$ cat my_file38.txt   # compact mmCIF, C-alpha atoms
# COMPACT_ATOMS: atom_id res chain seq x y z
CA MET A 15 138.20 -226.56 -23.93
CA PRO A 16 141.60 -225.12 -22.87
CA ARG A 17 143.78 -227.53 -20.89
CA THR A 18 143.74 -225.38 -17.72
CA ALA A 19 139.95 -225.15 -17.81
CA LEU A 20 139.67 -228.90 -18.33
CA LEU A 21 141.95 -229.61 -15.36
CA SER A 22 139.95 -227.20 -13.21
CA THR A 23 136.70 -228.93 -14.17
CA ILE A 24 138.12 -232.37 -13.41
CA LEU A 25 139.41 -231.16 -10.04
CA SER A 26 136.03 -229.66 -9.15
CA ILE A 27 134.23 -232.88 -10.05
CA THR A 28 136.72 -234.92 -8.03
CA ILE A 29 136.32 -232.72 -4.95
CA ALA A 30 132.54 -232.75 -5.25
CA GLY A 31 132.52 -236.51 -5.61
CA ALA A 32 134.72 -236.97 -2.56
CA ALA A 33 132.47 -234.69 -0.53
CA ALA A 34 129.40 -236.60 -1.66
CA GLN A 35 130.96 -239.88 -0.61
CA GLU A 36 132.04 -238.57 2.81
CA LYS A 37 129.87 -240.06 5.52
CA PRO A 38 127.59 -237.42 7.13
CA LEU A 39 128.38 -236.54 10.73
CA PRO A 40 125.78 -238.17 13.01
CA VAL A 41 124.41 -235.52 15.37
CA LYS A 42 122.95 -236.43 18.75
CA VAL A 43 121.75 -233.01 19.90
CA VAL A 44 121.38 -229.67 18.14
CA VAL A 45 121.50 -226.72 20.53
CA VAL A 46 119.65 -223.82 18.92
CA THR A 47 120.54 -220.33 20.13
CA MET A 48 119.42 -217.09 18.57
CA PHE A 49 122.10 -214.45 19.09
CA GLU A 50 125.67 -213.88 20.18
CA ARG A 51 127.43 -210.65 21.11
CA GLY A 52 130.84 -210.28 19.52
CA ALA A 53 132.97 -213.43 19.37
CA ASP A 54 131.89 -216.94 20.32
CA THR A 55 134.25 -216.94 23.28
CA GLY A 56 136.12 -214.64 25.62
CA ASP A 57 133.95 -211.52 25.67
CA GLU A 58 130.50 -210.46 26.89
CA PRO A 59 128.29 -213.50 26.26
CA GLY A 60 125.17 -213.93 24.23
CA GLU A 61 123.11 -217.11 24.12
CA PHE A 62 125.82 -219.15 22.39
CA GLN A 63 128.96 -218.42 24.38
CA TYR A 64 128.42 -220.56 27.48
CA TRP A 65 127.64 -223.54 25.26
CA VAL A 66 130.82 -223.02 23.25
CA GLU A 67 133.05 -222.59 26.28
CA ARG A 68 131.51 -225.03 28.75
CA SER A 69 130.24 -227.75 26.44
CA LYS A 70 133.50 -227.55 24.50
CA LEU A 71 132.06 -226.89 21.06
CA ASP A 72 135.61 -226.53 19.82
CA ARG A 73 135.34 -227.54 16.18
CA ILE A 74 134.17 -224.76 13.87
CA ILE A 75 132.31 -225.79 10.72
CA PRO A 76 131.88 -223.09 8.05
CA PHE A 77 128.22 -222.35 7.40
CA PRO A 78 128.01 -219.57 4.79
CA GLN A 79 124.41 -220.44 3.94
CA GLY A 80 123.34 -219.63 7.51
CA TYR A 81 123.67 -216.77 9.94
CA ARG A 82 126.89 -217.83 11.68
CA ASP A 83 129.38 -220.69 11.55
CA LEU A 84 128.43 -223.90 13.35
CA ARG A 85 130.31 -225.54 16.21
CA VAL A 86 130.42 -229.18 17.29
CA ASN A 87 132.10 -231.20 20.03
CA HIS A 88 133.40 -234.76 20.19
CA ASP A 89 130.16 -235.97 21.83
CA GLY A 90 128.01 -235.26 18.78
CA VAL A 91 126.52 -231.99 20.04
CA LEU A 92 126.13 -229.30 17.40
CA GLY A 93 125.48 -225.63 18.18
CA ILE A 94 123.86 -223.10 15.88
CA VAL A 95 123.09 -219.38 16.12
CA THR A 96 120.05 -218.64 13.98
CA GLY A 97 119.98 -214.85 14.08
CA VAL A 98 117.16 -212.80 15.62
CA GLY A 99 113.59 -213.06 14.32
CA THR A 100 111.45 -215.76 12.76
CA ALA A 101 112.78 -215.20 9.23
CA LYS A 102 116.45 -215.71 10.13
CA ALA A 103 115.58 -218.65 12.37
CA ALA A 104 113.57 -220.38 9.66
CA ALA A 105 116.26 -219.82 7.04
CA SER A 106 119.13 -220.96 9.26
CA ILE A 107 117.40 -224.11 10.50
CA MET A 108 116.31 -225.05 6.99
CA ALA A 109 119.87 -224.54 5.74
CA LEU A 110 121.20 -226.80 8.49
CA GLY A 111 118.54 -229.44 7.92
CA LEU A 112 119.37 -229.68 4.22
CA ASP A 113 123.13 -229.71 4.72
CA SER A 114 124.43 -233.09 3.51
CA ARG A 115 127.38 -232.92 5.92
CA PHE A 116 125.11 -233.84 8.83
CA ASP A 117 122.84 -236.76 9.69
CA LEU A 118 120.07 -235.23 11.81
CA ARG A 119 117.53 -238.02 11.58
CA LYS A 120 118.02 -239.10 15.21
CA ALA A 121 119.02 -235.71 16.57
CA TYR A 122 117.25 -234.04 19.46
CA TRP A 123 116.73 -230.30 19.07
CA LEU A 124 117.01 -228.02 22.10
CA VAL A 125 116.07 -224.37 21.67
CA ALA A 126 117.76 -222.53 24.55
CA GLY A 127 117.32 -218.77 24.75
CA ILE A 128 116.36 -215.87 26.96
CA ALA A 129 112.91 -214.28 27.07
CA GLY A 130 110.51 -211.98 28.83
CA ILE A 131 108.27 -213.67 31.37
CA ASP A 132 104.72 -213.14 32.60
CA PRO A 133 105.00 -212.15 36.28
CA ALA A 134 101.79 -214.06 36.95
CA ASP A 135 103.69 -217.27 36.24
CA GLY A 136 107.38 -216.82 36.90
CA SER A 137 110.21 -214.70 38.20
CA LEU A 138 113.41 -213.25 36.81
CA GLY A 139 116.02 -215.90 36.09
CA SER A 140 113.43 -218.69 35.90
CA ALA A 141 113.45 -221.37 33.19
CA ALA A 142 110.29 -222.49 31.38
CA TRP A 143 109.79 -225.63 29.29
CA ALA A 144 107.12 -225.15 26.62
CA GLU A 145 104.57 -227.64 25.35
CA TRP A 146 102.82 -225.14 23.09
CA VAL A 147 104.47 -222.49 20.90
CA VAL A 148 102.08 -219.96 19.37
CA ASP A 149 102.82 -217.46 16.61
CA GLY A 150 102.16 -213.82 17.49
CA ASP A 151 102.61 -212.36 14.01
CA LEU A 152 100.12 -214.22 11.80
CA GLY A 153 96.84 -212.37 11.90
CA HIS A 154 94.89 -209.28 10.87
CA GLU A 155 95.24 -205.93 12.62
CA ILE A 156 93.60 -202.54 12.74
CA ASP A 157 95.06 -199.49 14.42
CA ALA A 158 94.31 -199.17 18.13
CA ARG A 159 92.64 -195.79 17.49
CA GLU A 160 90.04 -197.53 15.32
CA ILE A 161 89.18 -200.49 17.55
CA PRO A 162 85.37 -200.84 17.80
CA ALA A 163 83.74 -200.52 21.18
CA GLY A 164 83.69 -203.89 22.90
CA TRP A 165 86.87 -205.23 21.28
CA LYS A 166 89.70 -206.13 23.66
CA THR A 167 92.32 -205.77 20.92
CA GLY A 168 92.75 -204.73 17.31
CA PHE A 169 94.52 -208.00 16.49
CA VAL A 170 92.28 -210.56 14.80
CA PRO A 171 93.11 -214.21 13.97
CA LEU A 172 93.68 -215.15 10.33
CA ARG A 173 90.48 -215.88 8.40
CA ARG A 174 88.39 -214.27 11.17
CA SER A 175 86.54 -210.96 11.43
CA VAL A 176 86.61 -210.21 15.16
CA PRO A 177 89.08 -210.98 17.97
CA TYR A 178 88.91 -214.55 19.26
CA GLU A 179 86.01 -215.44 16.95
CA GLN A 180 84.38 -218.76 17.72
CA PRO A 181 84.26 -221.53 16.85
CA HIS A 182 88.03 -221.59 16.86
CA GLN A 183 89.52 -223.36 13.87
CA THR A 184 93.22 -223.46 12.99
CA ASP A 185 94.03 -224.75 9.53
CA ALA A 186 96.74 -227.40 9.79
CA GLY A 187 100.14 -226.37 8.54
CA GLN A 188 99.59 -222.61 8.69
CA GLY A 189 102.18 -222.08 11.41
CA GLU A 190 99.86 -220.47 13.94
CA VAL A 191 100.50 -223.00 16.68
CA TYR A 192 102.88 -225.91 17.37
CA HIS A 193 102.26 -228.65 19.89
CA LEU A 194 105.49 -230.25 21.09
CA ASN A 195 105.97 -233.74 22.47
CA ALA A 196 104.43 -233.44 25.94
CA ALA A 197 106.04 -236.64 27.23
CA LEU A 198 109.51 -235.44 26.24
CA MET A 199 108.86 -232.03 27.77
CA ASP A 200 107.67 -233.63 31.02
CA TRP A 201 110.81 -235.76 31.10
CA ALA A 202 113.02 -232.69 30.63
CA PHE A 203 111.11 -230.76 33.30
CA ASN A 204 111.33 -233.56 35.85
CA LEU A 205 115.02 -234.01 35.13
CA THR A 206 115.76 -230.30 35.69
CA ARG A 207 113.13 -229.09 38.16
CA ASN A 208 115.67 -228.93 41.00
CA VAL A 209 118.57 -227.41 39.08
CA PRO A 210 119.84 -224.44 41.15
CA LEU A 211 119.48 -221.12 39.35
CA ALA A 212 121.42 -217.90 39.81
CA ASP A 213 119.96 -215.01 41.80
CA ASN A 214 121.23 -211.57 42.81
CA GLU A 215 120.25 -208.41 44.64
CA ALA A 216 119.08 -206.52 41.55
CA MET A 217 116.70 -209.34 40.66
CA ARG A 218 115.35 -209.47 44.22
CA ASN A 219 114.78 -205.72 44.26
CA GLU A 220 112.86 -205.74 40.97
CA ARG A 221 110.69 -208.78 41.65
CA ASN A 222 109.75 -207.53 45.11
CA GLN A 223 108.05 -204.54 43.50
CA PHE A 224 105.38 -206.88 42.13
CA ASP A 225 102.55 -207.91 44.41
CA ILE A 226 102.29 -211.26 42.62
CA PRO A 227 103.40 -214.49 44.35
CA ASN A 228 105.16 -216.13 41.41
CA ALA A 229 106.93 -212.92 40.41
CA ARG A 230 108.40 -212.61 43.91
CA ARG A 231 109.80 -216.14 44.03
CA PRO A 232 113.50 -216.89 43.62
CA PRO A 233 114.28 -218.28 40.14
CA PHE A 234 112.76 -221.70 39.50
CA VAL A 235 112.15 -224.23 36.72
CA LEU A 236 108.56 -224.48 35.48
CA LYS A 237 106.37 -225.60 32.61
CA GLY A 238 105.15 -222.69 30.54
CA ASP A 239 104.09 -222.02 26.98
CA GLN A 240 105.44 -219.45 24.58
CA LEU A 241 104.27 -216.70 22.26
CA ALA A 242 106.77 -216.12 19.45
CA SER A 243 106.65 -212.79 17.65
CA SER A 244 109.22 -210.88 15.63
CA THR A 245 107.72 -207.71 17.10
CA PHE A 246 109.32 -207.07 20.49
CA TRP A 247 106.17 -206.14 22.36
CA HIS A 248 106.01 -204.96 25.96
CA GLY A 249 103.48 -203.85 28.55
CA ARG A 250 100.67 -204.95 30.81
CA LEU A 251 97.94 -204.62 28.17
CA LEU A 252 99.86 -206.61 25.57
CA ASN A 253 100.51 -209.21 28.25
CA GLN A 254 96.74 -209.66 28.46
CA TRP A 255 96.60 -210.02 24.68
CA ALA A 256 99.39 -212.64 24.83
CA ASN A 257 97.49 -214.69 27.40
CA ASP A 258 94.26 -214.48 25.40
CA TRP A 259 96.02 -215.24 22.09
CA VAL A 260 97.74 -218.37 23.40
CA ARG A 261 94.57 -219.55 25.12
CA TYR A 262 92.59 -219.06 21.90
CA HIS A 263 95.02 -220.87 19.60
CA THR A 264 95.43 -223.83 21.96
CA ASP A 265 91.73 -224.15 22.75
CA GLY A 266 92.46 -223.32 26.35
CA LYS A 267 95.15 -225.98 26.76
CA GLY A 268 98.13 -223.65 26.71
CA ASN A 269 99.19 -221.01 29.20
CA TYR A 270 101.32 -218.13 28.00
CA VAL A 271 104.46 -217.71 30.11
CA THR A 272 107.37 -216.51 27.95
CA THR A 273 108.01 -214.31 24.95
CA ALA A 274 110.31 -215.14 22.04
CA MET A 275 111.17 -213.81 18.59
CA GLU A 276 112.22 -216.92 16.65
CA ASP A 277 110.76 -220.23 17.68
CA THR A 278 107.82 -220.53 15.30
CA GLY A 279 110.32 -219.96 12.49
CA THR A 280 112.50 -222.74 13.84
CA LEU A 281 109.51 -225.04 14.24
CA GLN A 282 108.17 -224.28 10.77
CA SER A 283 111.45 -225.37 9.20
CA LEU A 284 111.63 -228.46 11.39
CA THR A 285 108.07 -229.33 10.33
CA PHE A 286 109.08 -229.25 6.66
CA LEU A 287 112.32 -231.12 7.36
CA ALA A 288 110.38 -233.81 9.21
CA LYS A 289 108.20 -234.30 6.14
CA ALA A 290 111.40 -234.86 4.15
CA GLY A 291 112.67 -237.39 6.69
CA ARG A 292 115.55 -235.17 7.77
CA ALA A 293 114.37 -234.33 11.30
CA ASP A 294 112.06 -235.72 13.97
CA LEU A 295 109.51 -233.33 15.49
CA ALA A 296 108.99 -235.66 18.44
CA ARG A 297 112.57 -234.84 19.51
CA VAL A 298 112.17 -231.06 19.85
CA LEU A 299 112.43 -229.18 23.15
CA VAL A 300 111.95 -225.44 23.72
CA LEU A 301 113.46 -223.80 26.80
CA ARG A 302 113.26 -220.09 27.52
CA THR A 303 114.77 -218.34 30.54
CA ALA A 304 113.62 -215.02 31.97
CA SER A 305 115.96 -212.08 31.50
CA ASP A 306 113.16 -209.55 32.15
CA PHE A 307 109.47 -209.21 32.86
CA ASP A 308 107.21 -208.71 29.83
CA GLN A 309 105.63 -205.61 31.37
CA GLN A 310 106.28 -202.57 33.49
CA ARG A 311 106.65 -202.86 37.21
CA PRO A 312 104.24 -200.89 39.44
CA GLY A 313 104.81 -197.15 39.28
CA MET A 314 106.11 -197.14 35.71
CA THR A 315 104.52 -196.75 32.30
CA ALA A 316 105.00 -199.35 29.58
CA ALA A 317 107.05 -196.83 27.58
CA GLU A 318 109.36 -196.12 30.51
CA SER A 319 109.84 -199.82 31.09
CA LEU A 320 110.52 -200.53 27.42
CA ALA A 321 113.17 -197.79 27.37
CA GLN A 322 115.09 -199.72 30.00
CA ASN A 323 114.91 -203.02 28.10
CA LYS A 324 118.12 -202.99 26.08
CA ILE A 325 119.98 -206.10 25.02
CA GLY A 326 122.61 -206.95 27.59
CA LYS A 327 121.04 -204.56 30.12
CA TYR A 328 118.10 -206.68 31.26
CA THR A 329 118.05 -207.08 35.04
CA ALA A 330 118.55 -210.84 34.80
CA TYR A 331 120.49 -210.96 31.52
CA LEU A 332 123.51 -212.93 32.72
CA PRO A 333 121.52 -215.10 35.18
CA ALA A 334 119.12 -216.00 32.35
CA LEU A 335 122.02 -217.01 30.10
CA GLU A 336 123.35 -219.07 33.00
CA ALA A 337 119.96 -220.72 33.53
CA ALA A 338 119.65 -221.59 29.85
CA TRP A 339 122.97 -223.43 29.97
CA ARG A 340 122.54 -225.06 33.40
CA VAL A 341 119.06 -226.38 32.69
CA GLY A 342 119.62 -227.13 29.02
CA ASN A 343 122.97 -228.79 29.55
CA THR A 344 121.46 -231.12 32.15
CA VAL A 345 119.22 -232.49 29.42
CA VAL A 346 121.94 -232.57 26.77
CA THR A 347 124.30 -234.44 29.08
CA LYS A 348 121.64 -237.03 29.92
CA LEU A 349 120.85 -237.62 26.25
CA VAL A 350 124.50 -238.04 25.31
CA GLU A 351 125.40 -240.27 28.26
CA ASN A 352 122.48 -242.59 27.50
CA TRP A 353 122.69 -242.42 23.72
CA LYS A 354 122.56 -246.18 23.28
CA VAL A 355 119.01 -246.01 24.64
CA TYR A 356 117.86 -242.57 23.50
CA ARG A 357 119.05 -242.96 19.92
CA ASP A 358 116.03 -245.14 19.18
CA HIS A 359 113.81 -244.71 22.22
CA LEU A 360 112.56 -241.31 23.30
CA PRO A 361 112.87 -240.45 26.98
CA GLY A 362 109.50 -240.07 28.67
CA GLU A 363 107.99 -242.84 26.58
CA GLU A 364 109.65 -245.84 28.23

$ encode --input "my_file38.txt" --output "structure tokens"
Amino acid sequence: MPRTALLSTILSITIAGAAAQEKPLPVKVVVVTMFERGADTGDEPGEFQYWVERSKLDRIIPFPQGYRDLRVNHDGVLGIVTGVGTAKAAASIMALGLDSRFDLRKAYWLVAGIAGIDPADGSLGSAAWAEWVVDGDLGHEIDAREIPAGWKTGFVPLRRSVPYEQPHQTDAGQGEVYHLNAALMDWAFNLTRNVPLADNEAMRNERNQFDIPNARRPPFVLKGDQLASSTFWHGRLLNQWANDWVRYHTDGKGNYVTTAMEDTGTLQSLTFLAKAGRADLARVLVLRTASDFDQQRPGMTAAESLAQNKIGKYTAYLPALEAAWRVGNTVVTKLVENWKVYRDHLPGEE
């Protein structure tokens, strides 16, 4: 071997050995966001920017195996942007979970992103903590023009022949539904239920067009389950499907409240990482805040309403980003301030 090549090999081995011996960074909380617009700071925000600026995630850690570089602060809070959709979320979270630079065994995971909301349950700018997260992609489907008479939808559960076929049976590990730690979720809800949320005239004008009590309320914190689908669906009829789908897959225990496009991907990776001893599923929280309603307001068609739903242009876009940080940061701050207790003892299970 030429001398230069030998020196290069020795140097590579030395660097790799030093990296392997470096103690992994212990992480207290992972804040999971899904998208950012432009830079991490100083421009129009996405889901990540308020966390970077306000929670002082000042240290950038290169993350070429994921969607975007990571950021951490001196308190042990790590922020990640997964990218939009279940595939990017699953890949990014798996890449983080397997990264030897981090010790995530005691970390709490907070998903904090914006969503559409069911007007039957909540209003624009509201924040919903989920106990159940249901996948809206896994299934069979026939075209709506070929739906048999008597079917409510052309979407059929996996391994079934008709919509909502009974008896309901979900095979474990298939990713159709995830049940989060209810005690932890209750703790987070009770801690944040009185957090003040932003409101404005445009939000009031839109919500007052609905003749539904919860839709007309000022923004509030609630418990509400999620349907995660990489298809950005919209409309009153699909809202009915979402309610039925969540009810079916949770045996009536869950109540659909918010949409999402990533969280079953995140939870699938965390499930595998937990099996490998690299994450703890009992420490996962999912928070979604309402940037828009999941359906058209009275007097509009679903198509007209969808045409108005553009990223950054949702009626409650900025207030929803604000709510995600205000509510989520209340939990993160509590966990960090009481780390001596919460490192080994989960809140809500005292």

$ residues_around --input "my_file38.txt" --residues "stretch 147-160 of chain A" --least-positions-apart "2" --cutoff "8 Å" --atoms "all atoms listed in the file" --output "list in words"
Ala144, Glu145, Pro162, Thr167, Gly168, Phe169, Val170, Pro171, Leu172, Gly189, Glu190, Val191, Tyr192, His193, Leu194, Asp239, Gln240, Leu241, Ala242, Ser243, Ser244, Thr245, Ala256, Trp259, Val260, His263, Asp277 and Thr278 of chain A

$ residues_around --input "my_file38.txt" --residues "stretch 52-58 of chain A" --least-positions-apart "3" --cutoff "10 Å" --atoms "all atoms listed in the file" --output "list in words"
Phe49, Glu61, Phe62, Gln63, Tyr64, Trp65, Val66, Glu67, Leu71, Asp83, Arg85, Gly326 and Leu332 of chain A

$ write_last_selection --input "my_file38.txt" --atoms "C-alpha atoms" --output "mmCIF file, keeping the file's coordinate frame"
data_model
loop_
_atom_site.group_PDB
_atom_site.id
_atom_site.type_symbol
_atom_site.label_atom_id
_atom_site.label_comp_id
_atom_site.auth_asym_id
_atom_site.auth_seq_id
_atom_site.Cartn_x
_atom_site.Cartn_y
_atom_site.Cartn_z
ATOM 1 C CA PHE A 49 122.100 -214.450 19.090
ATOM 2 C CA GLU A 61 123.110 -217.110 24.120
ATOM 3 C CA PHE A 62 125.820 -219.150 22.390
ATOM 4 C CA GLN A 63 128.960 -218.420 24.380
ATOM 5 C CA TYR A 64 128.420 -220.560 27.480
ATOM 6 C CA TRP A 65 127.640 -223.540 25.260
ATOM 7 C CA VAL A 66 130.820 -223.020 23.250
ATOM 8 C CA GLU A 67 133.050 -222.590 26.280
ATOM 9 C CA LEU A 71 132.060 -226.890 21.060
ATOM 10 C CA ASP A 83 129.380 -220.690 11.550
ATOM 11 C CA ARG A 85 130.310 -225.540 16.210
ATOM 12 C CA GLY A 326 122.610 -206.950 27.590
ATOM 13 C CA LEU A 332 123.510 -212.930 32.720
#

$ closest_residue --input "my_file38.txt" --among "A:Arg340, A:Pro133, A:Gln254, A:Tyr262" --to "A:Gln180" --atoms "only C-alpha atoms"
A:Tyr262

$ residues_around --input "my_file38.txt" --residues "A:Arg82" --least-positions-apart "3" --cutoff "12 Å" --atoms "all atoms listed in the file" --output "short mmCIF file (atom, residue, chain, number, x, y, z; two decimals) with C-alpha atoms, keeping the file's coordinate frame"
data_model
loop_
_atom_site.label_atom_id
_atom_site.label_comp_id
_atom_site.auth_asym_id
_atom_site.auth_seq_id
_atom_site.Cartn_x
_atom_site.Cartn_y
_atom_site.Cartn_z
CA VAL A 46 119.65 -223.82 18.92
CA THR A 47 120.54 -220.33 20.13
CA MET A 48 119.42 -217.09 18.57
CA PHE A 49 122.10 -214.45 19.09
CA GLU A 50 125.67 -213.88 20.18
CA ARG A 51 127.43 -210.65 21.11
CA GLY A 52 130.84 -210.28 19.52
CA ALA A 53 132.97 -213.43 19.37
CA ASP A 54 131.89 -216.94 20.32
CA PHE A 62 125.82 -219.15 22.39
CA ILE A 74 134.17 -224.76 13.87
CA ILE A 75 132.31 -225.79 10.72
CA PRO A 76 131.88 -223.09 8.05
CA PHE A 77 128.22 -222.35 7.40
CA PRO A 78 128.01 -219.57 4.79
CA GLN A 79 124.41 -220.44 3.94
CA ARG A 85 130.31 -225.54 16.21
CA GLY A 93 125.48 -225.63 18.18
CA ILE A 94 123.86 -223.10 15.88
CA VAL A 95 123.09 -219.38 16.12
CA THR A 96 120.05 -218.64 13.98
CA GLY A 97 119.98 -214.85 14.08
CA VAL A 98 117.16 -212.80 15.62
CA LYS A 102 116.45 -215.71 10.13
CA ALA A 103 115.58 -218.65 12.37
CA ALA A 105 116.26 -219.82 7.04
CA SER A 106 119.13 -220.96 9.26
CA ILE A 107 117.40 -224.11 10.50
CA ALA A 109 119.87 -224.54 5.74
CA LEU A 110 121.20 -226.80 8.49
#

$ closest_atom_pairs --input "my_file38.txt" --of "stretch 58-110 of chain A" --to "stretch 348-360 of chain A" --cutoff "9 Å" --atoms "all atoms listed in the file" --output "JSON lines"
{"residue": "A:Asp89", "atom": "CA", "partner": "A:Val350", "partner_atom": "CA", "distance": 7.0}
{"residue": "A:Gly90", "atom": "CA", "partner": "A:Val350", "partner_atom": "CA", "distance": 7.9}
{"residue": "A:Val91", "atom": "CA", "partner": "A:Val350", "partner_atom": "CA", "distance": 8.3}

$ atom_distance --input "my_file38.txt" --atom1 "atom CA of A:Val345" --atom2 "atom CA of A:Ile128"
17.0 Å

$ residues_around --input "my_file38.txt" --residues "A:Pro361" --least-positions-apart "3" --cutoff "8 Å" --atoms "all atoms listed in the file" --output "ChimeraX atom specification"
/A:197-198,201,356,364
